[in-house]
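Chemist: This is the structure I have questions about; it appears just below.
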Amino acid sequence: MKHKAEIGRSKISKHKVEVELVAVPHRAGARAMSPDKAAEADREVENLLALGLIQPSFPPWASGIVIEK
């Protein structure tokens, strides 16, 4: 199993979501989670930011994260 720092990037496919011009952007709030899971999520986000695998963004369309075992 590879370490998270070894996760590759693919330029094989592109993804685009097209919405109707009259669509109203929706921002869902954060999902409820225990303090332990919230701390784990914060650590994971900081780690992925440090690795350069994600970057901050503030899009008009957004939804909360889901933690998977």
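Ligands are numbered from 1 in the order shown, residues from 1 within each chain, and chains are lettered A, B, ... in the order they appear in the structure tokens.
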Residues within 12 Å of segment 10-25 of chain A, please, as a count of residues only. Count only C-alpha atoms; anything in the same chain fewer than 2 positions from it doesn't count.
Modeler: 9
Chemist: Can you tell me, as a list in words, what residues are no more than 8 Å from segment 29-38 of chain A when counting only C-alpha atoms, ignoring any on the same chain fewer than 4 positions away?
Modeler: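 Final neighbour list, sorted by chain and number: Asp42, Ser63, Gly64, Ile65, Val66 and Ile67 of chain A.
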